[in-house]
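Q: Quick one, start.cif (mmCIF, C-alpha atoms and all ligand atoms):
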```cif
data_query
#
loop_
_atom_site.label_atom_id
_atom_site.label_comp_id
_atom_site.auth_asym_id
_atom_site.auth_seq_id
_atom_site.Cartn_x
_atom_site.Cartn_y
_atom_site.Cartn_z
CA MET A 1 36.52 8.05 -10.49
CA GLU A 2 34.57 4.82 -10.28
CA PHE A 3 30.89 4.99 -11.29
CA LEU A 4 28.62 4.88 -8.25
CA PRO A 5 25.40 3.00 -9.07
CA PHE A 6 22.19 3.80 -7.16
CA THR A 7 22.34 0.35 -5.62
CA ARG A 8 24.48 -2.78 -5.56
CA PRO A 9 23.98 -6.16 -3.81
CA ALA A 10 26.27 -7.06 -0.87
CA ILE A 11 27.46 -10.63 -1.51
CA ASP A 12 30.28 -12.00 0.67
CA GLU A 13 32.80 -14.77 -0.08
CA ASP A 14 31.05 -17.25 2.25
CA THR A 15 27.91 -16.89 0.17
CA ILE A 16 29.85 -17.47 -3.05
CA ALA A 17 31.40 -20.59 -1.49
CA SER A 18 27.99 -21.89 -0.39
CA VAL A 19 26.59 -21.44 -3.90
CA SER A 20 29.55 -23.44 -5.25
CA ALA A 21 28.76 -26.16 -2.73
CA VAL A 22 25.17 -26.38 -4.00
CA LEU A 23 26.42 -26.56 -7.59
CA ARG A 24 28.73 -29.44 -6.62
CA SER A 25 26.04 -31.23 -4.61
CA GLY A 26 24.08 -32.55 -7.58
CA TRP A 27 20.79 -30.99 -6.34
CA LEU A 28 20.08 -27.62 -7.94
CA THR A 29 16.33 -27.14 -7.83
CA THR A 30 14.01 -26.73 -4.81
CA GLY A 31 15.44 -28.84 -2.00
CA PRO A 32 17.14 -28.69 1.40
CA LYS A 33 18.46 -25.13 1.00
CA CYS A 34 14.97 -23.79 0.22
CA LYS A 35 13.61 -25.63 3.27
CA GLU A 36 16.38 -24.19 5.44
CA LEU A 37 15.71 -20.65 4.21
CA GLU A 38 11.95 -21.03 4.76
CA VAL A 39 12.61 -22.13 8.35
CA ALA A 40 14.96 -19.18 8.96
CA LEU A 41 12.49 -16.69 7.45
CA SER A 42 9.66 -18.18 9.47
CA ALA A 43 11.70 -17.71 12.66
CA ARG A 44 12.02 -14.00 11.83
CA ALA A 45 8.29 -13.88 11.12
CA GLY A 46 7.54 -15.02 14.66
CA GLY A 47 6.91 -18.62 13.59
CA ARG A 48 4.32 -17.82 10.90
CA PRO A 49 4.54 -20.05 7.79
CA VAL A 50 6.81 -18.66 5.04
CA ARG A 51 7.09 -20.13 1.55
CA LEU A 52 9.59 -19.23 -1.18
CA VAL A 53 8.93 -18.51 -4.84
CA ASN A 54 11.04 -17.18 -7.71
CA SER A 55 9.72 -13.59 -7.42
CA ALA A 56 7.64 -11.33 -5.22
CA THR A 57 5.38 -10.90 -8.23
CA ALA A 58 4.51 -14.60 -8.03
CA ALA A 59 4.07 -14.31 -4.24
CA LEU A 60 1.61 -11.43 -4.68
CA GLU A 61 -0.32 -13.20 -7.43
CA PHE A 62 -0.69 -16.39 -5.38
CA ALA A 63 -1.61 -14.31 -2.32
CA LEU A 64 -4.50 -12.80 -4.30
CA ARG A 65 -5.62 -16.28 -5.35
CA ILE A 66 -5.41 -17.55 -1.77
CA ALA A 67 -7.46 -14.52 -0.66
CA GLY A 68 -10.06 -15.55 -3.25
CA VAL A 69 -9.71 -12.38 -5.31
CA LYS A 70 -11.20 -12.92 -8.76
CA GLU A 71 -12.95 -11.32 -11.73
CA GLY A 72 -15.35 -8.58 -10.67
CA ASP A 73 -13.47 -7.83 -7.45
CA GLU A 74 -11.72 -4.56 -6.75
CA VAL A 75 -8.32 -4.27 -5.08
CA ILE A 76 -7.20 -0.90 -3.74
CA THR A 77 -3.55 0.04 -4.13
CA THR A 78 -1.15 2.90 -4.84
CA SER A 79 0.06 4.03 -8.24
CA LEU A 80 3.50 5.15 -6.96
CA THR A 81 5.08 1.70 -6.96
CA TRP A 82 6.69 -0.86 -9.23
CA VAL A 83 4.08 -1.99 -11.81
CA ALA A 84 4.04 -5.48 -10.33
CA SER A 85 1.87 -4.26 -7.42
CA ALA A 86 -1.03 -3.59 -9.82
CA ASN A 87 -0.21 -6.04 -12.63
CA VAL A 88 -0.87 -8.98 -10.31
CA VAL A 89 -4.42 -7.71 -9.74
CA LEU A 90 -5.02 -7.78 -13.50
CA THR A 91 -3.40 -11.23 -13.72
CA VAL A 92 -6.07 -12.73 -11.44
CA GLY A 93 -8.81 -10.95 -13.44
CA ALA A 94 -9.67 -8.35 -10.81
CA THR A 95 -9.68 -4.55 -11.06
CA PRO A 96 -6.94 -2.43 -9.51
CA VAL A 97 -8.34 0.74 -7.93
CA PHE A 98 -5.64 3.36 -7.40
CA VAL A 99 -5.98 5.93 -4.67
CA ASP A 100 -3.75 8.94 -4.14
CA ILE A 101 -0.71 9.14 -1.88
CA ASP A 102 0.08 11.31 1.10
CA PRO A 103 2.82 13.53 -0.38
CA ALA A 104 4.61 13.74 3.00
CA THR A 105 5.21 9.98 3.22
CA ARG A 106 4.70 9.19 -0.49
CA LEU A 107 2.69 6.19 0.72
CA ILE A 108 -0.93 5.23 0.02
CA ASP A 109 -3.29 7.69 1.74
CA LEU A 110 -5.44 5.58 4.06
CA ASP A 111 -8.18 8.24 4.15
CA GLN A 112 -8.45 7.83 0.38
CA VAL A 113 -8.52 4.06 0.77
CA GLU A 114 -11.51 4.33 3.07
CA LYS A 115 -13.34 6.56 0.57
CA ALA A 116 -12.63 4.14 -2.29
CA ILE A 117 -14.14 1.07 -0.61
CA THR A 118 -17.21 -0.25 -2.47
CA ALA A 119 -19.33 -3.40 -2.27
CA ARG A 120 -16.89 -5.00 -4.74
CA THR A 121 -13.70 -4.24 -2.77
CA ARG A 122 -12.05 -7.47 -1.66
CA ALA A 123 -8.51 -6.51 -0.70
CA ILE A 124 -5.98 -3.75 -0.13
CA ILE A 125 -2.37 -3.92 -1.35
CA PRO A 126 -0.31 -1.39 0.65
CA VAL A 127 3.26 -0.76 -0.49
CA ASP A 128 6.08 0.28 1.86
CA LEU A 129 7.79 2.50 -0.72
CA ALA A 130 11.53 2.88 -0.03
CA GLY A 131 11.10 0.66 3.04
CA LEU A 132 8.97 3.15 4.98
CA PRO A 133 6.10 1.19 6.55
CA VAL A 134 2.48 2.08 5.85
CA ASP A 135 0.59 2.66 9.14
CA ARG A 136 -0.34 -0.91 10.07
CA ASP A 137 -2.66 0.08 12.92
CA ARG A 138 -4.89 2.18 10.70
CA LEU A 139 -4.58 -0.26 7.79
CA TYR A 140 -5.78 -3.30 9.73
CA GLN A 141 -8.44 -1.27 11.51
CA LEU A 142 -9.88 -0.37 8.09
CA ALA A 143 -9.54 -3.91 6.77
CA GLN A 144 -11.30 -5.36 9.79
CA LEU A 145 -14.08 -2.79 9.74
CA HIS A 146 -14.84 -3.52 6.07
CA GLY A 147 -14.02 -7.24 6.02
CA LEU A 148 -11.14 -6.87 3.55
CA ARG A 149 -8.06 -9.01 3.02
CA VAL A 150 -4.68 -7.28 3.14
CA ILE A 151 -1.87 -8.37 0.85
CA GLU A 152 1.14 -6.44 2.04
CA ASP A 153 3.53 -5.60 -0.78
CA ALA A 154 6.55 -5.53 1.51
CA ALA A 155 8.88 -6.18 -1.45
CA GLN A 156 11.05 -3.26 -0.35
CA SER A 157 10.66 -3.42 3.42
CA GLN A 158 12.34 -6.55 4.67
CA GLY A 159 13.62 -6.01 8.19
CA ALA A 160 11.54 -2.84 8.63
CA ASN A 161 9.12 -2.68 11.55
CA TRP A 162 5.88 -1.06 12.59
CA GLN A 163 6.23 0.27 16.15
CA GLY A 164 8.84 -2.33 17.00
CA ARG A 165 7.10 -5.30 15.40
CA GLU A 166 8.96 -6.63 12.36
CA LEU A 167 6.95 -6.63 9.14
CA GLY A 168 5.83 -10.16 8.33
CA SER A 169 5.57 -11.17 11.99
CA PHE A 170 1.95 -9.97 12.13
CA GLY A 171 -0.87 -9.06 9.79
CA ASP A 172 -2.46 -10.94 6.88
CA LEU A 173 -0.49 -12.05 3.79
CA VAL A 174 2.94 -10.43 3.47
CA ALA A 175 5.13 -10.61 0.34
CA PHE A 176 8.88 -9.89 0.29
CA SER A 177 11.15 -9.67 -2.75
CA PHE A 178 14.71 -10.96 -3.06
CA HIS A 179 15.45 -9.16 -6.34
CA PRO A 180 19.13 -8.02 -6.43
CA ASN A 181 18.14 -4.39 -5.79
CA LYS A 182 16.29 -5.22 -2.56
CA ASN A 183 17.85 -5.13 0.93
CA MET A 184 18.32 -8.91 0.84
CA THR A 185 18.66 -10.95 -2.36
CA THR A 186 18.59 -14.49 -3.73
CA GLY A 187 19.54 -13.31 -7.25
CA GLU A 188 15.85 -13.34 -8.07
CA GLY A 189 13.21 -14.59 -5.67
CA GLY A 190 10.58 -13.77 -3.13
CA CYS A 191 8.45 -15.22 -0.39
CA LEU A 192 5.03 -15.00 1.17
CA VAL A 193 4.21 -15.05 4.87
CA LEU A 194 0.90 -16.85 5.38
CA ASN A 195 -1.64 -17.22 8.17
CA ASP A 196 -1.73 -21.00 8.60
CA GLU A 197 -0.66 -24.36 7.18
CA THR A 198 -3.81 -24.64 5.04
CA GLU A 199 -2.88 -21.46 3.19
CA ALA A 200 0.75 -22.59 3.03
CA ARG A 201 -0.22 -25.90 1.41
CA LEU A 202 -2.34 -24.11 -1.20
CA PHE A 203 0.61 -21.79 -1.88
CA GLU A 204 2.89 -24.82 -2.37
CA LYS A 205 0.48 -26.14 -4.99
CA LEU A 206 0.12 -22.79 -6.75
CA ARG A 207 3.89 -22.40 -7.08
CA LEU A 208 4.35 -25.80 -8.75
CA GLN A 209 1.66 -26.95 -11.18
CA GLY A 210 -1.03 -27.54 -8.56
CA VAL A 211 0.52 -30.87 -7.74
CA THR A 212 0.41 -32.86 -4.50
CA ARG A 213 2.78 -35.81 -4.39
CA ALA A 214 1.81 -39.14 -2.90
CA PRO A 215 4.19 -41.49 -1.05
CA ASP A 216 3.88 -44.10 -3.82
CA GLY A 217 5.50 -41.76 -6.37
CA THR A 218 2.26 -40.71 -8.05
CA TYR A 219 0.64 -37.33 -7.70
CA ASP A 220 -2.66 -35.55 -8.02
CA CYS A 221 -3.31 -32.16 -9.62
CA ASP A 222 -6.42 -30.50 -8.16
CA VAL A 223 -5.83 -26.79 -8.83
CA LEU A 224 -4.22 -24.84 -11.68
CA GLY A 225 -0.76 -23.94 -10.41
CA GLY A 226 2.13 -22.21 -12.10
CA LYS A 227 5.89 -22.72 -12.26
CA ALA A 228 7.41 -20.41 -9.71
CA ASN A 229 9.48 -22.57 -7.35
CA LEU A 230 12.87 -21.26 -6.19
CA THR A 231 16.15 -23.10 -6.81
CA ASP A 232 18.50 -24.25 -4.04
CA ILE A 233 21.18 -22.17 -5.78
CA ALA A 234 19.11 -19.05 -5.08
CA ALA A 235 18.22 -20.19 -1.56
CA ALA A 236 21.94 -20.58 -0.75
CA ILE A 237 22.42 -16.90 -1.62
CA GLY A 238 19.52 -16.02 0.68
CA LEU A 239 20.98 -18.11 3.52
CA GLY A 240 24.21 -16.13 3.11
CA GLN A 241 22.30 -12.82 3.19
CA LEU A 242 19.75 -13.27 5.96
CA PRO A 243 22.18 -13.33 8.94
CA HIS A 244 23.52 -9.95 7.75
CA LEU A 245 20.16 -8.28 7.04
CA ASP A 246 19.99 -6.31 10.29
CA ALA A 247 23.58 -5.07 10.01
CA LEU A 248 23.09 -4.14 6.35
CA ASN A 249 19.90 -2.24 7.21
CA ALA A 250 21.68 -0.49 10.11
CA ARG A 251 24.39 0.68 7.73
CA ARG A 252 21.73 1.98 5.31
CA ARG A 253 20.18 3.91 8.20
CA GLU A 254 23.55 5.53 9.04
CA LEU A 255 24.10 6.51 5.44
CA ALA A 256 20.57 7.98 5.27
CA ARG A 257 21.37 10.09 8.35
CA TRP A 258 24.48 11.33 6.58
CA TYR A 259 22.33 12.38 3.60
CA PHE A 260 20.10 14.39 5.94
CA LYS A 261 23.16 16.22 7.31
CA ARG A 262 24.62 16.96 3.90
CA LEU A 263 21.32 18.01 2.31
CA ALA A 264 20.16 20.30 5.12
CA GLY A 265 19.35 23.66 3.55
CA VAL A 266 19.30 22.30 -0.01
CA ASP A 267 16.03 23.06 -1.80
CA VAL A 268 14.81 19.49 -2.33
CA GLY A 269 12.10 17.50 -0.55
CA LEU A 270 13.52 14.88 1.81
CA PRO A 271 11.87 11.63 2.90
CA PRO A 272 10.37 11.32 6.41
CA ALA A 273 13.31 11.09 8.86
CA ASP A 274 12.27 7.68 10.20
CA PHE A 275 15.37 6.06 11.72
CA SER A 276 13.54 3.47 13.79
CA GLN A 277 11.05 1.74 11.47
CA SER A 278 12.22 2.18 7.87
CA ASN A 279 14.86 -0.16 6.40
CA TRP A 280 15.99 2.64 4.05
CA HIS A 281 15.61 0.57 0.93
CA MET A 282 16.00 3.80 -1.06
CA PHE A 283 16.89 7.43 -0.41
CA GLN A 284 14.53 9.51 -2.52
CA ILE A 285 14.48 13.26 -2.89
CA VAL A 286 11.70 15.28 -4.54
CA LEU A 287 12.70 18.22 -6.75
CA PRO A 288 10.97 21.57 -6.32
CA GLU A 289 8.07 22.07 -8.73
CA ALA A 290 9.98 24.66 -10.74
CA LEU A 291 12.59 22.02 -11.62
CA ALA A 292 10.22 19.14 -12.51
CA ALA A 293 10.87 19.53 -16.25
CA GLN A 294 14.64 19.40 -15.65
CA ARG A 295 14.76 16.03 -13.91
CA SER A 296 16.18 14.16 -16.91
CA ALA A 297 18.83 16.89 -17.37
CA LEU A 298 19.72 16.45 -13.70
CA ILE A 299 19.98 12.68 -14.08
CA GLN A 300 22.30 13.24 -17.07
CA LEU A 301 24.51 15.67 -15.14
CA LEU A 302 24.78 13.23 -12.24
CA LYS A 303 25.68 10.47 -14.67
CA GLU A 304 28.44 12.64 -16.15
CA ALA A 305 29.72 13.12 -12.59
CA GLY A 306 29.85 9.31 -12.22
CA ILE A 307 26.70 8.98 -10.14
CA GLY A 308 23.76 6.71 -10.84
CA SER A 309 20.22 7.74 -9.92
CA GLY A 310 16.77 6.41 -10.69
CA VAL A 311 13.09 7.22 -11.05
CA HIS A 312 11.01 5.08 -8.68
CA TYR A 313 8.42 5.21 -10.04
CA PRO A 314 6.52 6.54 -13.03
CA ALA A 315 2.88 6.52 -11.84
CA ILE A 316 1.36 3.20 -12.91
CA HIS A 317 -1.98 4.72 -13.92
CA THR A 318 -0.25 6.94 -16.50
CA THR A 319 1.41 4.02 -18.33
CA SER A 320 -0.13 2.91 -21.64
CA LEU A 321 -1.73 -0.31 -20.38
CA TYR A 322 -3.51 1.43 -17.53
CA ARG A 323 -4.58 4.37 -19.71
CA GLN A 324 -6.20 1.80 -22.01
CA LEU A 325 -8.11 0.63 -18.94
CA GLY A 326 -9.50 4.13 -18.45
CA TRP A 327 -7.05 5.82 -16.09
CA LYS A 328 -5.74 9.23 -17.08
CA ALA A 329 -3.41 12.01 -16.02
CA GLY A 330 -5.24 14.18 -13.51
CA ASP A 331 -6.86 11.23 -11.68
CA LEU A 332 -4.29 11.23 -8.85
CA PRO A 333 -2.79 14.72 -8.49
CA GLN A 334 -0.49 14.04 -5.50
CA THR A 335 0.88 10.84 -7.05
CA GLU A 336 1.47 12.54 -10.39
CA SER A 337 3.15 15.54 -8.81
CA ILE A 338 5.57 13.39 -6.78
CA ALA A 339 6.15 10.87 -9.60
CA ALA A 340 7.25 13.73 -11.88
CA ARG A 341 9.79 15.03 -9.35
CA ILE A 342 11.05 12.05 -7.37
CA LEU A 343 14.67 10.93 -7.73
CA THR A 344 16.46 8.00 -6.08
CA LEU A 345 20.04 8.73 -4.99
CA PRO A 346 22.66 6.02 -4.40
CA LEU A 347 22.21 4.10 -1.14
CA PHE A 348 23.65 0.66 -0.44
CA PRO A 349 25.51 -0.74 2.55
CA GLN A 350 29.04 -0.82 1.09
CA MET A 351 28.96 2.93 0.45
CA GLN A 352 31.33 5.11 2.47
CA ASP A 353 30.32 8.39 4.10
CA SER A 354 32.63 10.00 1.51
CA ASP A 355 30.44 8.54 -1.26
CA ILE A 356 27.47 10.41 0.21
CA ASP A 357 29.59 13.58 0.25
CA ARG A 358 30.43 13.00 -3.39
CA VAL A 359 26.75 12.49 -4.34
CA CYS A 360 25.65 15.61 -2.46
CA THR A 361 28.43 17.80 -3.91
CA ALA A 362 27.52 16.62 -7.42
CA LEU A 363 23.80 17.07 -6.75
CA ILE A 364 24.20 20.61 -5.42
CA HIS A 365 26.38 21.51 -8.40
CA ALA A 366 23.92 19.91 -10.87
CA LEU A 367 20.98 21.77 -9.27
CA GLU A 368 22.87 25.05 -9.79
CA GLN A 369 23.56 24.14 -13.41
CA ILE A 370 19.95 23.31 -14.32
CA GLN A 371 18.77 26.54 -12.71
CA ALA A 372 21.35 28.67 -14.51
C1 LIG B 1 10.55 -5.35 -6.47
C2 LIG B 1 9.13 -5.10 -6.22
C3 LIG B 1 8.12 -6.01 -6.56
C4 LIG B 1 8.37 -7.25 -7.35
O1 LIG B 1 9.40 -8.03 -6.88
P1 LIG B 1 10.02 -9.15 -7.85
O2 LIG B 1 10.74 -10.05 -6.91
O3 LIG B 1 10.90 -8.44 -8.81
O4 LIG B 1 8.88 -9.81 -8.53
C5 LIG B 1 6.83 -5.73 -6.21
N1 LIG B 1 6.51 -4.61 -5.57
C6 LIG B 1 7.43 -3.69 -5.23
C7 LIG B 1 7.02 -2.49 -4.48
C8 LIG B 1 8.77 -3.90 -5.56
O5 LIG B 1 9.67 -2.98 -5.23
#
```
Could you render the structure as structure tokens?
Ligand SMILES: *Cc1c(COP(=O)(O)O)cnc(C)c1O
A:
Amino acid sequence: MEFLPFTRPAIDEDTIASVSAVLRSGWLTTGPKCKELEVALSARAGGRPVRLVNSATAALEFALRIAGVKEGDEVITTSLTWVASANVVLTVGATPVFVDIDPATRLIDLDQVEKAITARTRAIIPVDLAGLPVDRDRLYQLAQLHGLRVIEDAAQSQGANWQGRELGSFGDLVAFSFHPNKNMTTGEGGCLVLNDETEARLFEKLRLQGVTRAPDGTYDCDVLGGKANLTDIAAAIGLGQLPHLDALNARRRELARWYFKRLAGVDVGLPPADFSQSNWHMFQIVLPEALAAQRSALIQLLKEAGIGSGVHYPAIHTTSLYRQLGWKAGDLPQTESIAARILTLPLFPQMQDSDIDRVCTALIHALEQIQA
């Protein structure tokens, strides 16, 4: 039987044709396709300015710079996320402050955020793990009360909404990723939703060497920028993806529902059954505590049954770099407990209901085997 990966991008023939057209056009780097995609993304974001970059990591880093986050500042975030969420804080010279998660949602615990706010806190980076949105009402209430910037790491939550309002269409700075594993891809890429044209112009400088071009062909460089512009080749992929985002997310939602049916009664922790707000970027189960030590054996058994799975994520604060910075096991008990037991099962729009059946049959069998 064919190997079922935990995810796979959905690229159609029209998209492949449009990439070929860009390759034939003679203009490969940032150009009309990037502009077109920025306009389309801005329309989805309720008209707010959107600018593209070559990764969400770059979008988050520039967002921190735009928010004025610098050395000596603290930024509160979660440890149960891709390392990029915290690495960008170090990149701008600030200090990431991890707070624990709510084990029910696996998202940053906003009560803990409130307790962690100090005179040095400048920003919060919430992460919508698996596409489940962090409570935006409570988040922005806290931010406003304490005068903090919010840099939403919405890398996984494109097309998700908070109480009917699409993420990116409101709030402070919002970063999306177009990595191939995300719900919409450009091969690699990302974007930032900004508050106004002043921020957008600064972002444009930060993504390309800090340069502003003049009509006479000269330019000025007045800020240290990087090299993070997106290509038109990548933007063409995004233009092929975006019109299908809602349908692709709807299919993910259906498949997630099917998982809930098939896993009812199985002794694993399921994600919150949110079928209205989440974009179901991932379907993640949590093993019972007694089986924590057997997770890698379970992954191996699934692999032998032709099924891919993944660990999203090892807790950032327990990785070597962050331990060198003073973090240690025991600092965030809920995060560590979930990180040790979480497992991502296959979920992508081209899957059939029968693929879910196959995953669940293999999972149930593998759970029996590791308990035997
Ligand atoms: C994917 C991801 C990122 C980084 O996105 P890139 O486009 O790969 O830089 C950041 N945060 C989270 C939560 C992610 O899932």
Q: Smallest atom-to-atom distance to ligand LIG 1 (chain B): which of A:Glu368, A:Glu188, A:Asp73, A:Asp196, using all atoms listed in the file?
A: A:Glu188
Q: Which residues are near ligand LIG 1 (chain B) in this structure, taking near to mean any atom at most 10 Å from a ligand atom and counting all atoms listed in the file? Format them as a PyMOL selection string.
A: chain A and resi 53-61+78+80-88+125-131+152-157+175-182+185-191+281+312-313
Q: Quote the spacing between atom CA of A:Phe3 and atom CA of A:Phe260 in Å to one decimal place.
A: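 Atom-to-atom, atom CA of A:Phe3 and atom CA of A:Phe260 are spaced 22.4 Å apart.
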Q: Calculated over all atoms listed in the file, which of the candidates A:Lys115, A:Arg48, A:His146, A:Arg122 has the smallest distance to A:Glu74?
A: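 Closest to A:Glu74 of all the choices is A:Arg122.
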Q: Would you compute the box with edges along x, y and z of the file around stretch 90-98 of chain A, including every atom the file lists for it and 6 Å extra on each side, and give its centre and edge lengths in Å to one decimal, as JSON?
A:
```
{"center_x": -6.5, "center_y": -4.7, "center_z": -10.6, "size_x": 18.3, "size_y": 28.1, "size_z": 18.3}
```
Q: For A:Leu110, which of A:Ala143, A:Leu23, A:Val286, A:Val193 is the closest residue, counting only C-alpha atoms?
A: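 Nearest to A:Leu110: A:Ala143.
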Q: Quick one: residues within 10 Å of A:Leu202, only C-alpha atoms, excluding same-chain residues fewer than 2 positions away - as a VMD selection string?
A: chain A and resid 62 to 63 65 to 66 197 to 200 204 to 207 210 to 212 223 225
Q: Taking all atoms listed in the file into account, which of A:Gly171, A:Pro133, A:Pro243, A:Pro215 comes nearest A:Ala40?
A: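 Closest to A:Ala40 of all the choices is A:Pro243.
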Q: Find, counting only C-alpha atoms, the residue in A:Arg106, A:Gly164, A:Gly238, A:Leu4 that gets nearest to A:Leu52.
A: A:Gly238
Q: So, counting only C-alpha atoms, which residue among A:Leu242, A:Ala293, A:Ala264, A:Leu367 is closest to A:Ala10?
A: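 For A:Ala10, the nearest of the candidates is A:Leu242.
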Q: Taking (23.5, 15.5, -2.4) in the file's coordinates, which residues come within 10 Å, counting all atoms listed in the file, written as a list in words?
A: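 Those within range, by chain then number, are Trp258, Tyr259, Phe260, Lys261, Arg262, Leu263, Ala264, Val266, Val268, Ile285, Leu345, Pro346, Asp355, Ile356, Asp357, Arg358, Val359, Cys360, Thr361, Ala362, Leu363, Ile364, His365, Ala366 and Leu367 of chain A.
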Q: Would you work out the distance separating atom CA of A:Ile101 from atom CA of A:Ser79, expressed in Å to one decimal?
A: 8.2 Å
Q: Interatomic distance between atom CA of A:Arg44 and atom CA of A:Leu173?
A: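 Separation between atom CA of A:Arg44 and atom CA of A:Leu173: 15.0 Å.
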Q: Name all residues at most 10 Å from A:Ile16 (count all atoms listed in the file; drop same-chain ones fewer than 5 positions away) and give them as a VMD selection string.
A: chain A and resid 11 21 236 to 237 240
Q: Using all atoms listed in the file, which residues sit within 12 Å of A:Gln144 once same-chain residues fewer than 6 positions away are excluded, as a list in words?
A: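 Using all atoms listed in the file, the neighbours found are Glu114, Arg122, Ala123, Ile124, Arg136, Asp137, Arg138, Val150, Gly171 and Asp172 of chain A.
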